[in-house]
Number of protein chains: 2
Amino acid sequence: MKAERSLAEILRERGYRLTPQRMIVLEAVEASDHHISAEEIHTKAHARYPYMNISTVYRTLELLKELDLVAETDLGGGRLVYHPAGKAHHHHLVCRKCGKVQDIDRTVFERLRDELKDRYGFNAEFEHMGIFGTCEACRGQ
Amino acid sequence: MKAERSLAEILRERGYRLTPQRMIVLEAVEASDHHISAEEIHTKAHARYPYMNISTVYRTLELLKELDLVAETDLGGGRLVYHPAGKAHHHHLVCRKCGKVQDIDRTVFERLRDELKDRYGFNAEFEHMGIFGTCEACRGQ
DNA sequence: AATATTATTGCAATAGCTTGCATAAGCAAT
DNA sequence: ATTGCTTATGCAAGCTATTGCAATAATATT
Ligand SMILES: [Zn+2]
Ligand SMILES: [Zn+2]
Ligand SMILES: [Zn+2]
Ligand SMILES: [Zn+2]
């Protein structure tokens with residue numbers, strides 16, 4: 001499978017070890033083309049590999065974040081969700097009142113990104129953001 | 001004290017009760033003109049009111065957020081920090097590599113706010129934001 | 001293939017924050 | 001002041017996520 005091969009390459013390049021746990025977690029994130037939580041990943045992974053521990057899931061997700069393979073986002077559901085990086089060409093608006101999660105275009109952050117780079121030399125990470133506020137429907141009460 | 005009186009008014013208007021715990025938490029947030037964590041608030045409050053419980057601090061902060069009296073922000077220190085709302089005319093850039101927290105002007109989010117309102121009818125909350133990324137010093141390795 | 005090295009894992013403990021529930025206390029009416 | 005109604009608090013338990021540590025297993029070397 002392509003994902004496995006490229007993961008192996010990426011890990012090797014950076015001096016990390018290729019373990020079954022890491023492959024299983026990455027595959028679980030990539031297989032769900034929507035958002036997936038650590039607990040959901042653990043449940044799926046556990047079916048394939050009964051000794052898989054939830055802390056290994058978290059540690060693997062942390063690594064995959066560092067390698068820019070997954071994005072971690074708070075969408076207000078009480079647990080963080082994960083999304084394959086690069087495939088996340090969007091962000092989300094999260095309504096505090098009704099909880100609705102709306103997709104928006106990724107371009108909305110480009111100007112801000114550029115401004116932060118120009119004015120402060122800061123390289124901001126705006127990959128798959130959750131933006132909290134009030135949606136149109138809820139604003140009229 | 002002005003803060004107490006206006007808090008009393010605000011609470012009454014909205015049908016909430018004016019309790020010593022609530023006053024103590026709000027005063028602790030306002031007294032620290034920098035960022036303060038729930039645990040720091042609890043420590044300060046406990047000195048004045050020995051029965052003060054940490055869960056009351058959290059519940060009061062939740063209420064003060066609803067009343068738009070305090071802003072809650074993740075600045076990467078492992079605990080959320082609180083800041084008097086309205087006084088927070090700035091945001092922060094948080095470097096993932098060195099942990100540095102830099103102040104930036106509040107105006108950087110205005111254009112984005114307007115665009116989200118215009119395009120999606122969404123009223124985004126950009127009060128005292130923490131933006132994660134890599135600072136200039138760390139980008140050169 | 002066997003061995004040595006050391007990163008990674010599983011487990012249990014911990015941290016920060018939230019929630020359920022019985023008791024306490026704020027407020028209004030008397 | 002007393003009473004009754006209802007919100008808010010303290011306490012303990014629970015939840016998501018993180019961390020310390022000893023055992024395990026991936027890789028390099030022989
Ligand atoms: Zn998404
Ligand atoms: Zn809404
Ligand atoms: Zn600040
Ligand atoms: Zn830095």
# chains A, B, ... in the order shown; residues from 1 in each chain; ligands from 1
>>> select_by_dssp(residues="segment 15-137 of chain A", states="strand (DSSP E or B)", output="PyMOL selection string")
chain A and resi 36-37+70-73+81-84+90-95+101-105+123-124+130-134
>>> select_by_dssp(residues="chain A", states="helix (DSSP H, G or I)", output="JSON, numbers by chain")
{"A": [2, 3, 4, 5, 6, 7, 8, 9, 10, 11, 12, 13, 14, 20, 21, 22, 23, 24, 25, 26, 27, 28, 29, 30, 31, 38, 39, 40, 41, 42, 43, 44, 45, 46, 47, 48, 54, 55, 56, 57, 58, 59, 60, 61, 62, 63, 64, 65, 66, 106, 107, 108, 109, 110, 111, 112, 113, 114, 115, 116, 117, 118, 119, 120, 136, 137, 138, 139]}
>>> interface_residues(of="chain B", to="chain D", cutoff="12 Å", atoms="only C-alpha atoms (C1' of nucleotides)", output="MDAnalysis selection string")
chainID B and resid 15:22 50:60 63 78
>>> interface_residues(of="chain C", to="chain A", cutoff="8 Å", atoms="only C-alpha atoms (C1' of nucleotides)", output="list in words")
DA7, DT9 and DG10 of chain C
>>> write_last_selection(atoms="C-alpha atoms (C1' of nucleotides)", output="PDB file, in the first residue's frame")
ATOM      1  C1'  DA C   7      13.658   3.645  20.565  1.00  0.00           C
ATOM      2  C1'  DT C   9       5.343   0.144  23.884  1.00  0.00           C
ATOM      3  C1'  DG C  10       2.032  -1.233  27.611  1.00  0.00           C
TER       4       DG C  10
END
>>> residues_near_ligand(ligand="ligand 4", cutoff="7 Å", atoms="only C-alpha atoms (C1' of nucleotides) and all ligand atoms", output="PDB file with C-alpha atoms, in the first residue's frame")
ATOM      1  CA  CYS B  95       6.195  29.206  19.087  1.00  0.00           C
ATOM      2  CA  ARG B  96       5.922  25.422  19.125  1.00  0.00           C
ATOM      3  CA  LYS B  97       9.681  24.972  19.191  1.00  0.00           C
ATOM      4  CA  CYS B  98      10.941  27.409  21.846  1.00  0.00           C
ATOM      5  CA  GLY B  99       7.622  28.169  23.559  1.00  0.00           C
ATOM      6  CA  LYS B 100       8.063  31.932  23.234  1.00  0.00           C
ATOM      7  CA  THR B 134       7.246  28.846  14.457  1.00  0.00           C
ATOM      8  CA  CYS B 135       8.952  32.091  15.434  1.00  0.00           C
ATOM      9  CA  GLU B 136      11.562  33.862  13.353  1.00  0.00           C
ATOM     10  CA  ALA B 137      14.466  32.758  15.549  1.00  0.00           C
ATOM     11  CA  CYS B 138      13.469  29.086  15.387  1.00  0.00           C
TER      12      CYS B 138
END
>>> interface_residues(of="chain B", to="chain A", cutoff="7 Å", atoms="only C-alpha atoms", output="PDB file with N, CA, C and O atoms, in the first residue's frame")
ATOM      1  N   VAL B 108      -4.975  42.456  13.521  1.00  0.00           N
ATOM      2  CA  VAL B 108      -4.685  41.438  12.506  1.00  0.00           C
ATOM      3  C   VAL B 108      -5.868  40.540  12.194  1.00  0.00           C
ATOM      4  O   VAL B 108      -5.935  39.945  11.120  1.00  0.00           O
ATOM      5  N   LEU B 112     -10.202  39.190   8.679  1.00  0.00           N
ATOM      6  CA  LEU B 112     -10.742  37.832   8.671  1.00  0.00           C
ATOM      7  C   LEU B 112     -12.137  37.789   9.282  1.00  0.00           C
ATOM      8  O   LEU B 112     -13.053  37.150   8.754  1.00  0.00           O
ATOM      9  N   GLY B 121     -21.915  34.700   7.202  1.00  0.00           N
ATOM     10  CA  GLY B 121     -22.828  35.178   8.246  1.00  0.00           C
ATOM     11  C   GLY B 121     -22.423  34.721   9.627  1.00  0.00           C
ATOM     12  O   GLY B 121     -23.222  34.672  10.553  1.00  0.00           O
ATOM     13  N   PHE B 122     -21.139  34.387   9.779  1.00  0.00           N
ATOM     14  CA  PHE B 122     -20.653  33.813  11.036  1.00  0.00           C
ATOM     15  C   PHE B 122     -19.973  34.889  11.868  1.00  0.00           C
ATOM     16  O   PHE B 122     -19.125  35.637  11.387  1.00  0.00           O
ATOM     17  N   ASN B 123     -20.362  34.947  13.131  1.00  0.00           N
ATOM     18  CA  ASN B 123     -19.809  35.933  14.049  1.00  0.00           C
ATOM     19  C   ASN B 123     -18.670  35.288  14.850  1.00  0.00           C
ATOM     20  O   ASN B 123     -18.903  34.698  15.902  1.00  0.00           O
ATOM     21  N   ALA B 124     -17.447  35.405  14.329  1.00  0.00           N
ATOM     22  CA  ALA B 124     -16.309  34.708  14.943  1.00  0.00           C
ATOM     23  C   ALA B 124     -15.819  35.437  16.188  1.00  0.00           C
ATOM     24  O   ALA B 124     -15.774  36.662  16.228  1.00  0.00           O
ATOM     25  N   GLU B 125     -15.468  34.634  17.195  1.00  0.00           N
ATOM     26  CA  GLU B 125     -14.890  35.190  18.422  1.00  0.00           C
ATOM     27  C   GLU B 125     -13.377  35.202  18.294  1.00  0.00           C
ATOM     28  O   GLU B 125     -12.743  34.161  18.389  1.00  0.00           O
ATOM     29  N   ILE B 131      -2.048  31.946  18.689  1.00  0.00           N
ATOM     30  CA  ILE B 131      -1.792  31.408  17.352  1.00  0.00           C
ATOM     31  C   ILE B 131      -0.501  30.606  17.391  1.00  0.00           C
ATOM     32  O   ILE B 131       0.552  31.134  17.751  1.00  0.00           O
ATOM     33  N   PHE B 132      -0.574  29.335  17.022  1.00  0.00           N
ATOM     34  CA  PHE B 132       0.606  28.470  17.097  1.00  0.00           C
ATOM     35  C   PHE B 132       1.362  28.444  15.778  1.00  0.00           C
ATOM     36  O   PHE B 132       0.775  28.589  14.716  1.00  0.00           O
ATOM     37  N   GLY B 133       2.670  28.284  15.900  1.00  0.00           N
ATOM     38  CA  GLY B 133       3.505  28.238  14.715  1.00  0.00           C
ATOM     39  C   GLY B 133       4.968  28.276  15.113  1.00  0.00           C
ATOM     40  O   GLY B 133       5.316  27.832  16.208  1.00  0.00           O
ATOM     41  N   THR B 134       5.804  28.817  14.217  1.00  0.00           N
ATOM     42  CA  THR B 134       7.246  28.846  14.457  1.00  0.00           C
ATOM     43  C   THR B 134       7.749  30.283  14.373  1.00  0.00           C
ATOM     44  O   THR B 134       7.464  30.982  13.398  1.00  0.00           O
ATOM     45  N   CYS B 135       8.478  30.709  15.395  1.00  0.00           N
ATOM     46  CA  CYS B 135       8.952  32.091  15.434  1.00  0.00           C
ATOM     47  C   CYS B 135      10.164  32.274  14.521  1.00  0.00           C
ATOM     48  O   CYS B 135      10.772  31.298  14.077  1.00  0.00           O
ATOM     49  N   GLU B 136      10.481  33.537  14.280  1.00  0.00           N
ATOM     50  CA  GLU B 136      11.562  33.862  13.353  1.00  0.00           C
ATOM     51  C   GLU B 136      12.879  33.210  13.775  1.00  0.00           C
ATOM     52  O   GLU B 136      13.575  32.610  12.956  1.00  0.00           O
TER      53      GLU B 136
END
>>> residues_near_ligand(ligand="ligand 1", cutoff="8 Å", atoms="only C-alpha atoms (C1' of nucleotides) and all ligand atoms", output="PDB file with C-alpha atoms, in the first residue's frame")
ATOM      1  CA  HIS A  34     -13.731  12.682   7.679  1.00  0.00           C
ATOM      2  CA  HIS A  35     -12.582  13.609  11.190  1.00  0.00           C
ATOM      3  CA  HIS A  83      -7.463  14.583   9.791  1.00  0.00           C
ATOM      4  CA  ALA A  88      -7.516  19.121   4.664  1.00  0.00           C
ATOM      5  CA  HIS A  90     -10.691  23.515   4.419  1.00  0.00           C
ATOM      6  CA  HIS A  91     -11.388  24.868   7.898  1.00  0.00           C
ATOM      7  CA  HIS A  92     -14.465  24.828  10.109  1.00  0.00           C
ATOM      8  CA  ASP A 103     -16.893  23.836   6.220  1.00  0.00           C
ATOM      9  CA  HIS A 128      -7.563  22.586   9.410  1.00  0.00           C
ATOM     10  CA  MET A 129      -8.631  25.202  11.960  1.00  0.00           C
TER      11      MET A 129
END
>>> residues_around(residues="Glu72 of chain B", least_positions_apart="6", cutoff="10 Å", atoms="only C-alpha atoms (C1' of nucleotides)", output="compact mmCIF listing (two decimals) with N, CA and C atoms, in the first residue's frame")
# COMPACT_ATOMS: atom_id res chain seq x y z
N HIS B 35 -1.85 37.19 32.28
CA HIS B 35 -2.68 35.99 32.18
C HIS B 35 -2.62 35.21 33.47
N ILE B 36 -3.73 34.61 33.84
CA ILE B 36 -3.77 33.83 35.08
C ILE B 36 -4.51 32.53 34.83
N SER B 37 -4.02 31.46 35.44
CA SER B 37 -4.63 30.14 35.25
C SER B 37 -5.65 29.87 36.33
N LEU B 61 -15.60 30.73 36.09
CA LEU B 61 -14.95 31.19 34.87
C LEU B 61 -15.84 30.93 33.66
N GLU B 62 -16.53 29.80 33.67
CA GLU B 62 -17.44 29.48 32.57
C GLU B 62 -18.54 30.55 32.49
N LEU B 64 -18.37 33.65 33.67
CA LEU B 64 -17.77 34.93 33.29
C LEU B 64 -17.46 34.98 31.79
N LYS B 65 -17.16 33.84 31.23
CA LYS B 65 -16.98 33.77 29.78
C LYS B 65 -18.30 34.07 29.08
N LEU B 80 -5.12 26.32 30.50
CA LEU B 80 -5.75 27.48 29.89
C LEU B 80 -5.50 28.69 30.78
N VAL B 81 -5.41 29.87 30.16
CA VAL B 81 -5.24 31.09 30.94
C VAL B 81 -6.40 32.04 30.68
N TYR B 82 -6.62 32.92 31.65
CA TYR B 82 -7.77 33.82 31.61
C TYR B 82 -7.31 35.25 31.69
N HIS B 83 -8.08 36.12 31.06
CA HIS B 83 -7.70 37.52 30.91
C HIS B 83 -8.99 38.33 30.96
N PRO B 84 -8.97 39.49 31.64
CA PRO B 84 -10.19 40.31 31.62
C PRO B 84 -10.55 40.65 30.18
N ALA B 85 -11.78 40.43 29.79
CA ALA B 85 -12.19 40.78 28.42
C ALA B 85 -12.24 42.31 28.30
N GLU B 127 -11.21 36.98 20.43
CA GLU B 127 -10.84 37.76 21.62
C GLU B 127 -9.66 37.09 22.29
N HIS B 128 -8.51 37.76 22.24
CA HIS B 128 -7.31 37.24 22.91
C HIS B 128 -6.97 35.82 22.44
N MET B 129 -6.55 35.73 21.19
CA MET B 129 -6.25 34.44 20.57
C MET B 129 -4.80 34.00 20.80
N GLY B 130 -4.60 32.72 20.85
CA GLY B 130 -3.26 32.14 20.80
C GLY B 130 -3.07 31.48 19.45
>>> atom_distance(atom1="atom CA of Leu7 of chain A", atom2="atom CA of His46 of chain A")
20.4 Å
